[in-house]
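Student: Enclosed is the structure file work_27.pdb (PDB, C-alpha atoms and all ligand atoms).
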```
MODEL        1
ATOM      1  CA  MET H   1      -9.617  -6.174 -15.130
ATOM      2  CA  ASN H   2      -9.291  -2.395 -15.003
ATOM      3  CA  LEU H   3      -9.559  -0.857 -11.574
ATOM      4  CA  PRO H   4     -11.295   2.537 -11.887
ATOM      5  CA  PRO H   5     -10.714   5.571  -9.617
ATOM      6  CA  LEU H   6     -12.737   4.446  -6.620
ATOM      7  CA  VAL H   7     -14.915   6.772  -4.521
ATOM      8  CA  ASP H   8     -16.371   6.012  -1.072
ATOM      9  CA  LEU H   9     -19.372   8.152  -0.115
ATOM     10  CA  HIS H  10     -20.195   6.650   3.266
ATOM     11  CA  CYS H  11     -17.843   5.953   6.170
ATOM     12  CA  HIS H  12     -17.327   7.025   9.778
ATOM     13  CA  PHE H  13     -13.834   8.412  10.258
ATOM     14  CA  VAL H  14     -14.407  11.744  12.045
ATOM     15  CA  PRO H  15     -12.864  10.793  15.383
ATOM     16  CA  GLY H  16     -14.880  10.600  18.568
ATOM     17  CA  VAL H  17     -18.207  11.919  17.288
ATOM     18  CA  ASP H  18     -20.197   8.734  16.591
ATOM     19  CA  ASP H  19     -19.716   4.964  16.658
ATOM     20  CA  GLY H  20     -16.924   5.149  14.076
ATOM     21  CA  ALA H  21     -13.235   5.976  14.581
ATOM     22  CA  ARG H  22     -12.446   6.559  18.249
ATOM     23  CA  ASP H  23      -9.399   8.714  17.592
ATOM     24  CA  VAL H  24      -7.390  10.194  14.742
ATOM     25  CA  ASP H  25      -4.918   7.326  14.655
ATOM     26  CA  GLU H  26      -7.683   4.758  14.181
ATOM     27  CA  ALA H  27      -9.105   6.780  11.293
ATOM     28  CA  LEU H  28      -5.696   7.246   9.673
ATOM     29  CA  VAL H  29      -5.049   3.483   9.672
ATOM     30  CA  GLN H  30      -8.110   3.106   7.445
ATOM     31  CA  LEU H  31      -7.352   6.112   5.269
ATOM     32  CA  ARG H  32      -3.807   4.908   4.569
ATOM     33  CA  GLU H  33      -5.281   1.554   3.586
ATOM     34  CA  PHE H  34      -7.851   3.275   1.359
ATOM     35  CA  GLU H  35      -5.048   5.184  -0.399
ATOM     36  CA  ARG H  36      -3.083   1.965  -0.906
ATOM     37  CA  LEU H  37      -6.152   0.292  -2.420
ATOM     38  CA  GLY H  38      -6.821   3.099  -4.898
ATOM     39  CA  ILE H  39      -9.711   4.786  -3.075
ATOM     40  CA  HIS H  40      -8.681   8.373  -3.566
ATOM     41  CA  THR H  41     -11.944  10.184  -2.899
ATOM     42  CA  VAL H  42     -13.449   9.589   0.532
ATOM     43  CA  VAL H  43     -16.440  11.329   2.092
ATOM     44  CA  THR H  44     -16.659  10.729   5.798
ATOM     45  CA  THR H  45     -20.266  10.866   6.986
ATOM     46  CA  PRO H  46     -20.736  11.114  10.768
ATOM     47  CA  HIS H  47     -24.142  10.075  12.080
ATOM     48  CA  LEU H  48     -26.378  13.007  12.758
ATOM     49  CA  ALA H  49     -29.911  12.760  14.137
ATOM     50  CA  ALA H  50     -32.216  15.245  12.470
ATOM     51  CA  SER H  51     -33.731  15.939  15.889
ATOM     52  CA  ALA H  52     -30.316  17.065  17.179
ATOM     53  CA  VAL H  53     -29.820  19.824  14.624
ATOM     54  CA  HIS H  54     -30.068  22.982  16.663
ATOM     55  CA  GLY H  55     -27.722  25.431  18.336
ATOM     56  CA  ASP H  56     -24.010  24.732  17.990
ATOM     57  CA  TRP H  57     -24.391  21.089  16.988
ATOM     58  CA  ARG H  58     -21.610  21.056  14.453
ATOM     59  CA  ASP H  59     -18.759  22.791  16.292
ATOM     60  CA  GLY H  60     -17.366  19.562  17.773
ATOM     61  CA  ILE H  61     -17.697  17.665  14.505
ATOM     62  CA  GLU H  62     -15.951  20.353  12.463
ATOM     63  CA  ALA H  63     -13.088  20.595  14.966
ATOM     64  CA  ALA H  64     -12.594  16.812  14.932
ATOM     65  CA  PHE H  65     -12.756  16.753  11.139
ATOM     66  CA  ALA H  66     -10.155  19.530  10.892
ATOM     67  CA  GLU H  67      -7.816  17.468  13.056
ATOM     68  CA  LEU H  68      -8.363  14.401  10.886
ATOM     69  CA  LYS H  69      -7.863  16.400   7.692
ATOM     70  CA  GLU H  70      -4.523  17.653   8.975
ATOM     71  CA  GLY H  71      -3.373  14.107   9.722
ATOM     72  CA  ALA H  72      -4.605  12.853   6.353
ATOM     73  CA  ALA H  73      -2.780  15.613   4.463
ATOM     74  CA  ARG H  74       0.424  14.429   6.152
ATOM     75  CA  ASP H  75      -0.091  10.634   6.040
ATOM     76  CA  CYS H  76      -2.099  10.019   2.890
ATOM     77  CA  PRO H  77      -1.867  13.073   0.619
ATOM     78  CA  GLY H  78      -3.305  11.091  -2.288
ATOM     79  CA  VAL H  79      -6.735  10.978  -0.633
ATOM     80  CA  ASP H  80      -9.247  13.748  -1.244
ATOM     81  CA  LEU H  81     -11.013  13.676   2.131
ATOM     82  CA  GLN H  82     -14.390  15.387   2.365
ATOM     83  CA  ARG H  83     -17.016  15.679   5.084
ATOM     84  CA  SER H  84     -20.748  15.236   4.812
ATOM     85  CA  PHE H  85     -23.258  13.570   7.160
ATOM     86  CA  GLU H  86     -25.452  10.497   7.440
ATOM     87  CA  PHE H  87     -28.699  12.101   8.418
ATOM     88  CA  ARG H  88     -31.019  10.002  10.567
ATOM     89  CA  LEU H  89     -34.594  10.892   9.686
ATOM     90  CA  ASP H  90     -36.057  10.815  13.193
ATOM     91  CA  ASP H  91     -37.948  14.102  13.056
ATOM     92  CA  PRO H  92     -40.631  14.992  10.517
ATOM     93  CA  ASP H  93     -39.906  18.673  11.161
ATOM     94  CA  ALA H  94     -36.177  18.319  10.599
ATOM     95  CA  ASP H  95     -34.378  21.465   9.533
ATOM     96  CA  LEU H  96     -32.475  20.404   6.405
ATOM     97  CA  SER H  97     -31.879  23.928   5.141
ATOM     98  CA  ASP H  98     -28.116  24.072   5.717
ATOM     99  CA  PRO H  99     -26.623  23.873   2.195
ATOM    100  CA  THR H 100     -23.292  22.531   3.473
ATOM    101  CA  ILE H 101     -24.535  19.197   4.841
ATOM    102  CA  GLY H 102     -24.779  17.390   1.493
ATOM    103  CA  LEU H 103     -22.463  15.103  -0.462
ATOM    104  CA  GLY H 104     -20.084  17.313  -2.427
ATOM    105  CA  GLU H 105     -21.759  20.129  -4.310
ATOM    106  CA  GLY H 106     -24.297  17.951  -6.006
ATOM    107  CA  GLY H 107     -27.479  18.565  -4.006
ATOM    108  CA  ARG H 108     -27.615  14.983  -2.677
ATOM    109  CA  LEU H 109     -27.986  14.139   1.011
ATOM    110  CA  LEU H 110     -27.107  10.796   2.620
ATOM    111  CA  VAL H 111     -29.997   9.730   4.851
ATOM    112  CA  GLU H 112     -30.986   6.718   6.907
ATOM    113  CA  PHE H 113     -34.134   5.553   8.651
ATOM    114  CA  PRO H 114     -33.950   5.298  12.478
ATOM    115  CA  MET H 115     -33.274   2.019  14.290
ATOM    116  CA  LEU H 116     -32.459   0.102  11.100
ATOM    117  CA  ALA H 117     -36.202  -0.478  10.765
ATOM    118  CA  MET H 118     -38.735   0.305   8.073
ATOM    119  CA  PRO H 119     -40.468   3.536   9.146
ATOM    120  CA  ALA H 120     -44.241   3.651   9.481
ATOM    121  CA  TYR H 121     -44.503   5.924   6.442
ATOM    122  CA  PRO H 122     -41.469   5.033   4.318
ATOM    123  CA  ASP H 123     -42.260   7.407   1.457
ATOM    124  CA  ARG H 124     -43.161  10.334   3.725
ATOM    125  CA  MET H 125     -39.665  10.349   5.228
ATOM    126  CA  LEU H 126     -38.031  10.759   1.847
ATOM    127  CA  GLU H 127     -40.592  13.341   0.719
ATOM    128  CA  ILE H 128     -39.427  15.542   3.609
ATOM    129  CA  VAL H 129     -35.911  15.425   2.206
ATOM    130  CA  LEU H 130     -37.111  16.116  -1.328
ATOM    131  CA  ALA H 131     -39.240  19.039  -0.106
ATOM    132  CA  ALA H 132     -36.105  20.579   1.396
ATOM    133  CA  GLY H 133     -34.526  20.551  -2.061
ATOM    134  CA  TRP H 134     -32.260  17.521  -1.664
ATOM    135  CA  ILE H 135     -32.088  14.330  -3.662
ATOM    136  CA  PRO H 136     -31.991  11.646  -0.948
ATOM    137  CA  VAL H 137     -29.276   9.017  -1.095
ATOM    138  CA  LEU H 138     -30.724   6.259   1.074
ATOM    139  CA  ALA H 139     -28.031   4.457   3.062
ATOM    140  CA  HIS H 140     -28.178   0.657   3.174
ATOM    141  CA  PRO H 141     -31.801   0.122   2.051
ATOM    142  CA  GLU H 142     -31.138  -3.621   2.224
ATOM    143  CA  ARG H 143     -30.556  -3.479   5.995
ATOM    144  CA  TYR H 144     -33.908  -2.198   7.271
ATOM    145  CA  ALA H 145     -35.648  -5.001   9.115
ATOM    146  CA  GLY H 146     -38.569  -6.271   7.077
ATOM    147  CA  VAL H 147     -37.477  -4.788   3.759
ATOM    148  CA  GLU H 148     -37.448  -8.196   2.077
ATOM    149  CA  ARG H 149     -41.170  -8.511   2.763
ATOM    150  CA  SER H 150     -41.707  -4.937   1.656
ATOM    151  CA  PHE H 151     -39.399  -5.069  -1.367
ATOM    152  CA  GLY H 152     -41.809  -2.970  -3.450
ATOM    153  CA  TRP H 153     -40.901   0.097  -1.411
ATOM    154  CA  ILE H 154     -37.491   0.176  -3.054
ATOM    155  CA  ASP H 155     -39.087   0.800  -6.448
ATOM    156  CA  ARG H 156     -41.289   3.448  -4.903
ATOM    157  CA  TRP H 157     -38.310   5.249  -3.317
ATOM    158  CA  ARG H 158     -36.473   5.275  -6.624
ATOM    159  CA  ASP H 159     -39.596   6.513  -8.406
ATOM    160  CA  LEU H 160     -39.627   9.412  -5.954
ATOM    161  CA  GLY H 161     -36.087  10.232  -7.124
ATOM    162  CA  ALA H 162     -34.014   8.743  -4.308
ATOM    163  CA  LEU H 163     -30.744   6.929  -4.988
ATOM    164  CA  MET H 164     -30.052   3.562  -3.348
ATOM    165  CA  CYS H 165     -26.602   3.232  -1.752
ATOM    166  CA  VAL H 166     -26.016  -0.320  -0.497
ATOM    167  CA  ASN H 167     -23.264  -1.415   1.867
ATOM    168  CA  ALA H 168     -20.353  -3.309   0.350
ATOM    169  CA  GLY H 169     -20.456  -5.920   3.110
ATOM    170  CA  SER H 170     -24.067  -6.812   2.332
ATOM    171  CA  LEU H 171     -22.881  -8.323  -0.976
ATOM    172  CA  TRP H 172     -21.197 -11.212   0.805
ATOM    173  CA  GLY H 173     -23.422 -11.461   3.866
ATOM    174  CA  ASP H 174     -21.722  -9.265   6.506
ATOM    175  CA  HIS H 175     -25.132  -7.930   7.487
ATOM    176  CA  GLY H 176     -26.977 -11.247   7.468
ATOM    177  CA  GLY H 177     -28.977 -13.329   5.045
ATOM    178  CA  GLU H 178     -31.895 -10.971   4.521
ATOM    179  CA  ALA H 179     -29.659  -8.024   3.603
ATOM    180  CA  GLN H 180     -27.644 -10.241   1.273
ATOM    181  CA  ARG H 181     -30.717 -11.643  -0.493
ATOM    182  CA  VAL H 182     -32.202  -8.172  -0.848
ATOM    183  CA  VAL H 183     -29.031  -6.652  -2.277
ATOM    184  CA  HIS H 184     -28.647  -9.462  -4.808
ATOM    185  CA  ARG H 185     -32.281  -9.074  -5.871
ATOM    186  CA  MET H 186     -31.759  -5.317  -6.161
ATOM    187  CA  LEU H 187     -28.738  -5.908  -8.402
ATOM    188  CA  ALA H 188     -30.721  -8.334 -10.563
ATOM    189  CA  GLU H 189     -33.504  -5.745 -10.947
ATOM    190  CA  SER H 190     -31.238  -2.710 -11.563
ATOM    191  CA  LEU H 191     -32.257  -1.047  -8.297
ATOM    192  CA  VAL H 192     -28.806  -0.244  -6.901
ATOM    193  CA  ASP H 193     -27.230   3.128  -7.734
ATOM    194  CA  LEU H 194     -24.184   3.171  -5.455
ATOM    195  CA  VAL H 195     -22.051   0.934  -3.257
ATOM    196  CA  ALA H 196     -20.229   2.435  -0.253
ATOM    197  CA  SER H 197     -18.251   0.935   2.611
ATOM    198  CA  ASP H 198     -20.031   2.235   5.755
ATOM    199  CA  ASN H 199     -16.605   1.556   7.260
ATOM    200  CA  HIS H 200     -16.574   2.303  11.017
ATOM    201  CA  ALA H 201     -12.779   2.038  11.413
ATOM    202  CA  ARG H 202     -13.104  -1.249  13.256
ATOM    203  CA  PRO H 203     -10.197  -3.515  12.284
ATOM    204  CA  HIS H 204     -12.287  -6.699  12.362
ATOM    205  CA  ARG H 205     -14.814  -5.410   9.840
ATOM    206  CA  ALA H 206     -12.991  -2.736   7.884
ATOM    207  CA  THR H 207     -14.804  -3.155   4.583
ATOM    208  CA  THR H 208     -13.746  -1.167   1.521
ATOM    209  CA  VAL H 209     -15.294  -0.359  -1.846
ATOM    210  CA  ARG H 210     -12.233  -1.998  -3.397
ATOM    211  CA  GLU H 211     -13.459  -5.342  -2.023
ATOM    212  CA  ALA H 212     -16.904  -4.632  -3.456
ATOM    213  CA  TRP H 213     -15.415  -3.812  -6.862
ATOM    214  CA  GLU H 214     -13.378  -7.023  -6.841
ATOM    215  CA  TYR H 215     -16.300  -9.123  -5.631
ATOM    216  CA  LEU H 216     -18.520  -7.909  -8.457
ATOM    217  CA  ALA H 217     -15.825  -7.881 -11.131
ATOM    218  CA  GLU H 218     -14.712 -11.425 -10.301
ATOM    219  CA  ALA H 219     -18.363 -12.491 -10.390
ATOM    220  CA  GLY H 220     -18.772 -11.353 -13.993
ATOM    221  CA  CYS H 221     -20.147  -7.866 -13.275
ATOM    222  CA  GLU H 222     -17.145  -5.597 -13.930
ATOM    223  CA  GLU H 223     -19.158  -2.953 -15.791
ATOM    224  CA  GLN H 224     -21.633  -2.708 -12.907
ATOM    225  CA  ALA H 225     -18.795  -2.745 -10.347
ATOM    226  CA  THR H 226     -17.242   0.312 -11.957
ATOM    227  CA  LEU H 227     -20.536   2.187 -12.239
ATOM    228  CA  LEU H 228     -21.398   1.488  -8.585
ATOM    229  CA  THR H 229     -18.050   2.280  -6.939
ATOM    230  CA  ALA H 230     -16.551   4.903  -9.251
ATOM    231  CA  THR H 231     -18.746   6.464 -11.959
ATOM    232  CA  ASN H 232     -21.912   7.034  -9.972
ATOM    233  CA  PRO H 233     -20.379   8.191  -6.679
ATOM    234  CA  ALA H 234     -18.228  10.661  -8.625
ATOM    235  CA  ALA H 235     -21.378  11.880 -10.405
ATOM    236  CA  VAL H 236     -23.126  12.349  -7.049
ATOM    237  CA  LEU H 237     -20.310  14.559  -5.778
ATOM    238  CA  ALA H 238     -20.229  16.591  -8.989
ATOM    239  CA  GLY H 239     -23.998  17.019  -9.179
ATOM    240  CA  ASP H 240     -24.169  15.090 -12.464
ATOM    241  CA  PRO H 241     -26.871  12.535 -13.283
ATOM    242  CA  THR H 242     -26.063   8.983 -12.244
ATOM    243  CA  VAL H 243     -25.962   6.185 -14.822
ATOM    244  CA  ALA H 244     -28.542   3.372 -14.795
ATOM    245  CA  VAL H 245     -26.756   0.194 -13.749
ATOM    246  CA  PRO H 246     -27.588  -2.806 -15.975
ATOM    247  CA  PRO H 247     -28.964  -5.856 -14.169
ATOM    248  CA  CYS H 248     -26.384  -8.279 -12.843
ATOM    249  CA  GLU H 249     -26.463 -11.569 -11.039
ATOM    250  CA  PRO H 250     -23.014 -12.062  -9.532
ATOM    251  CA  ARG H 251     -21.736 -15.595  -9.939
ATOM    252  CA  GLN H 252     -20.515 -17.008  -6.658
ATOM    253  CA  GLY H 253     -16.895 -17.700  -7.592
ATOM    254  CA  TRP H 254     -14.336 -19.062  -5.179
ATOM    255  CA  VAL H 255     -13.736 -15.616  -3.688
ATOM    256  CA  GLY H 256     -17.423 -15.263  -2.871
ATOM    257  CA  ARG H 257     -17.614 -18.775  -1.467
ATOM    258  CA  LEU H 258     -14.534 -18.135   0.683
ATOM    259  CA  ARG H 259     -16.048 -14.907   2.004
ATOM    260  CA  ARG H 260     -19.280 -16.724   2.836
ATOM    261  CA  LEU H 261     -17.320 -19.355   4.716
ATOM    262  CA  VAL H 262     -15.381 -16.730   6.676
ATOM    263  CA  THR H 263     -18.367 -14.487   7.432
ATOM    264  CA  GLY H 264     -20.935 -17.252   7.802
ATOM    265  CA  GLY H 265     -23.129 -15.287   5.349
TER     266      GLY H 265
HETATM  267 FE    FE F 301     -23.253   4.669   8.256
ENDMDL
END
```
Just give me the structure of the file as structure tokens.

Tutor:
Amino acid sequence: MNLPPLVDLHCHFVPGVDDGARDVDEALVQLREFERLGIHTVVTTPHLAASAVHGDWRDGIEAAFAELKEGAARDCPGVDLQRSFEFRLDDPDADLSDPTIGLGEGGRLLVEFPMLAMPAYPDRMLEIVLAAGWIPVLAHPERYAGVERSFGWIDRWRDLGALMCVNAGSLWGDHGGEAQRVVHRMLAESLVDLVASDNHARPHRATTVREAWEYLAEAGCEEQATLLTATNPAAVLAGDPTVAVPPCEPRQGWVGRLRRLVTGG
């Protein structure tokens, strides 16, 4: 198997600004591990509520990121560390006009629905992002409570132009049975565009996109693994079109079964 240059578009390493890394050291433990595993492009995406975007909201985040960047340049110089945001769509009048909040230079914005729940108007929320000139990258669509019942929305979101970025851990059940069933159905129906870690720098659940690549590759889906964890995230950052990912139904090999045993998924 050929490990591609892996890219992680979604993790929480800016210290002390959300529920991710609590300090620089905690973040650097993960980043050193990422470098060792061949994840050389990492976009850290602190949570940001759309309703909180006013005044000097970003000063603290930028200062914390600068401190992390300095540590990363010293400890893991092989990692290209970038900063974007995971935008929580909790305000229909959100100001999304700042051109520097997106993923790379590609005009894509990582967004999530509030409370890990399906919003009342699931298409309206993404239309707000589109109207502001961004292509939405929806974080963990498989995790919103009730999405299995409302699976058709995923097609609708993609028809609107949004990209679906699932969490690596959902593949093997870290986020429960519903998320796992939904992500496997999405893979079978070619509805996943990207896989990211959503790593929160917690040692007990420090997922990586390397694990996702191995899980899929070992399950007979190496082509899809590479598109989801390398080709497409790199395209997002560069502003290039993403590649349609052929359908795949990962076989549950011994690695998958072991993970299920360990995680109870
Ligand atoms: Fe996240």

Student: Taking all atoms listed in the file into account, which residues have an atom no farther than 8 Å from ligand FE 301 (chain F)? I'd like them as a list in words.

Tutor: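 Checked against 8 Å with all atoms listed in the file; the hits are His10, Cys11, His12, Thr45, Pro46, His47, Glu86, Ala139, Asp198, Asn199 and His200 of chain H.
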
Student: For the file shown, report as a short mmCIF file (atom, residue, chain, number, x, y, z; two decimals) with C-alpha atoms, keeping the file's coordinate frame the outcome of the PyMOL selection byres (((chain H and resi 96-99) around 12) and not hetatm) at residue level.

Tutor:
```cif
data_model
loop_
_atom_site.label_atom_id
_atom_site.label_comp_id
_atom_site.auth_asym_id
_atom_site.auth_seq_id
_atom_site.Cartn_x
_atom_site.Cartn_y
_atom_site.Cartn_z
CA LEU H 48 -26.38 13.01 12.76
CA ALA H 49 -29.91 12.76 14.14
CA ALA H 50 -32.22 15.24 12.47
CA SER H 51 -33.73 15.94 15.89
CA ALA H 52 -30.32 17.07 17.18
CA VAL H 53 -29.82 19.82 14.62
CA HIS H 54 -30.07 22.98 16.66
CA ARG H 58 -21.61 21.06 14.45
CA SER H 84 -20.75 15.24 4.81
CA PHE H 85 -23.26 13.57 7.16
CA PHE H 87 -28.70 12.10 8.42
CA ARG H 88 -31.02 10.00 10.57
CA LEU H 89 -34.59 10.89 9.69
CA ASP H 91 -37.95 14.10 13.06
CA PRO H 92 -40.63 14.99 10.52
CA ASP H 93 -39.91 18.67 11.16
CA ALA H 94 -36.18 18.32 10.60
CA ASP H 95 -34.38 21.46 9.53
CA THR H 100 -23.29 22.53 3.47
CA ILE H 101 -24.54 19.20 4.84
CA GLY H 102 -24.78 17.39 1.49
CA LEU H 103 -22.46 15.10 -0.46
CA GLY H 104 -20.08 17.31 -2.43
CA GLU H 105 -21.76 20.13 -4.31
CA GLY H 106 -24.30 17.95 -6.01
CA GLY H 107 -27.48 18.57 -4.01
CA ARG H 108 -27.62 14.98 -2.68
CA LEU H 109 -27.99 14.14 1.01
CA LEU H 110 -27.11 10.80 2.62
CA VAL H 111 -30.00 9.73 4.85
CA ILE H 128 -39.43 15.54 3.61
CA VAL H 129 -35.91 15.42 2.21
CA LEU H 130 -37.11 16.12 -1.33
CA ALA H 131 -39.24 19.04 -0.11
CA ALA H 132 -36.10 20.58 1.40
CA GLY H 133 -34.53 20.55 -2.06
CA TRP H 134 -32.26 17.52 -1.66
CA ILE H 135 -32.09 14.33 -3.66
CA PRO H 136 -31.99 11.65 -0.95
#
```

Student: Please provide as a PyMOL selection string all residues within 12 Å of H:Gly169, with the sequence filter that same-chain residues fewer than 2 positions apart are discarded (counting only C-alpha atoms).

Tutor: chain H and resi 140+142-143+166-167+171-177+179-180+183-184+195-199+205-213+215-216+256+259-260+263+265

Student: Could you give me, as an NGL selection string, the residues within 12 Å of H:Leu28, counting all atoms listed in the file and dropping anything in the same chain fewer than 5 positions from it?

Tutor: :H and (12-15 or 21-23 or 33-35 or 65 or 67-77 or 79 or 81 or 201-203)

Student: Interatomic distance between atom CA of H:Val182 and atom CA of H:Ile154?

Tutor: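 For atom CA of H:Val182 relative to atom CA of H:Ile154, the distance reads 10.1 Å.
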
Student: Find the axis-aligned box for stretch 91-109 of chain H, covering all its listed atoms and adding 4 Å on each side, and write its centre and edge lengths in Å to one decimal as AutoDock Vina command-line options.

Tutor:
```
--center_x -30.4 --center_y 19.1 --center_z 3.5 --size_x 28.5 --size_y 18.0 --size_z 27.1
```

Student: What residues have an atom no more than 6 Å from (-13.2, 5.9, -2.6) in the file's own frame, counting only C-alpha atoms, and can you write them as a list in words?

Tutor: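 Answer for this query, in the requested form: Leu6, Val7, Asp8, Ile39, His40, Thr41 and Val42 of chain H.
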
Student: Write a file of the selected residues as an mmCIF file, keeping the file's coordinate frame, keeping C-alpha atoms.

Tutor:
```
data_model
loop_
_atom_site.group_PDB
_atom_site.id
_atom_site.type_symbol
_atom_site.label_atom_id
_atom_site.label_comp_id
_atom_site.auth_asym_id
_atom_site.auth_seq_id
_atom_site.Cartn_x
_atom_site.Cartn_y
_atom_site.Cartn_z
ATOM 1 C CA LEU H 6 -12.737 4.446 -6.620
ATOM 2 C CA VAL H 7 -14.915 6.772 -4.521
ATOM 3 C CA ASP H 8 -16.371 6.012 -1.072
ATOM 4 C CA ILE H 39 -9.711 4.786 -3.075
ATOM 5 C CA HIS H 40 -8.681 8.373 -3.566
ATOM 6 C CA THR H 41 -11.944 10.184 -2.899
ATOM 7 C CA VAL H 42 -13.449 9.589 0.532
#
```

Student: Do you have the atom CA of H:Trp157-atom CA of H:Asp123 distance handy?

Tutor: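 If I compute the distance from atom CA of H:Trp157 to atom CA of H:Asp123, I get 6.6 Å.
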
Student: Could you tell me which residues the PyMOL selection byres (((chain H and resi 114-116) around 6) and not hetatm) returns for this structure, as number ranges by chain?

Tutor: H: 88, 90, 113, 117, 144

Student: Please indicate the distance in Å from atom CA of H:Val192 to atom CA of H:Leu228, rounded to one decimal place.

Tutor: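 Going from atom CA of H:Val192 over to atom CA of H:Leu228 covers 7.8 Å.
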
Student: Of the residues H:Gly78, H:Pro233, H:Pro141, H:Gly60, which is the one nearest to H:Leu31, using all atoms listed in the file?

Tutor: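 Checking each candidate against H:Leu31, we get H:Gly78 as the closest.
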
Student: Please evaluate the PyMOL selection byres (((chain H and resi 1) around 10) and not hetatm) against the structure above and give the resulting residues as an MDAnalysis selection string.

Tutor: chainID H and resid 2:4 214 217:218 222

Student: Considering only C-alpha atoms, can you say which of H:Leu194, H:Ala120, H:Cys221, H:Val147 comes closest to H:Ala244?

Tutor: H:Leu194

Student: Which is closest to H:Pro250 among H:Val29, H:Met186, H:Val17, H:Ala64, if we use all atoms listed in the file?

Tutor: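 The shortest atom-to-atom distance to H:Pro250 comes from H:Met186.
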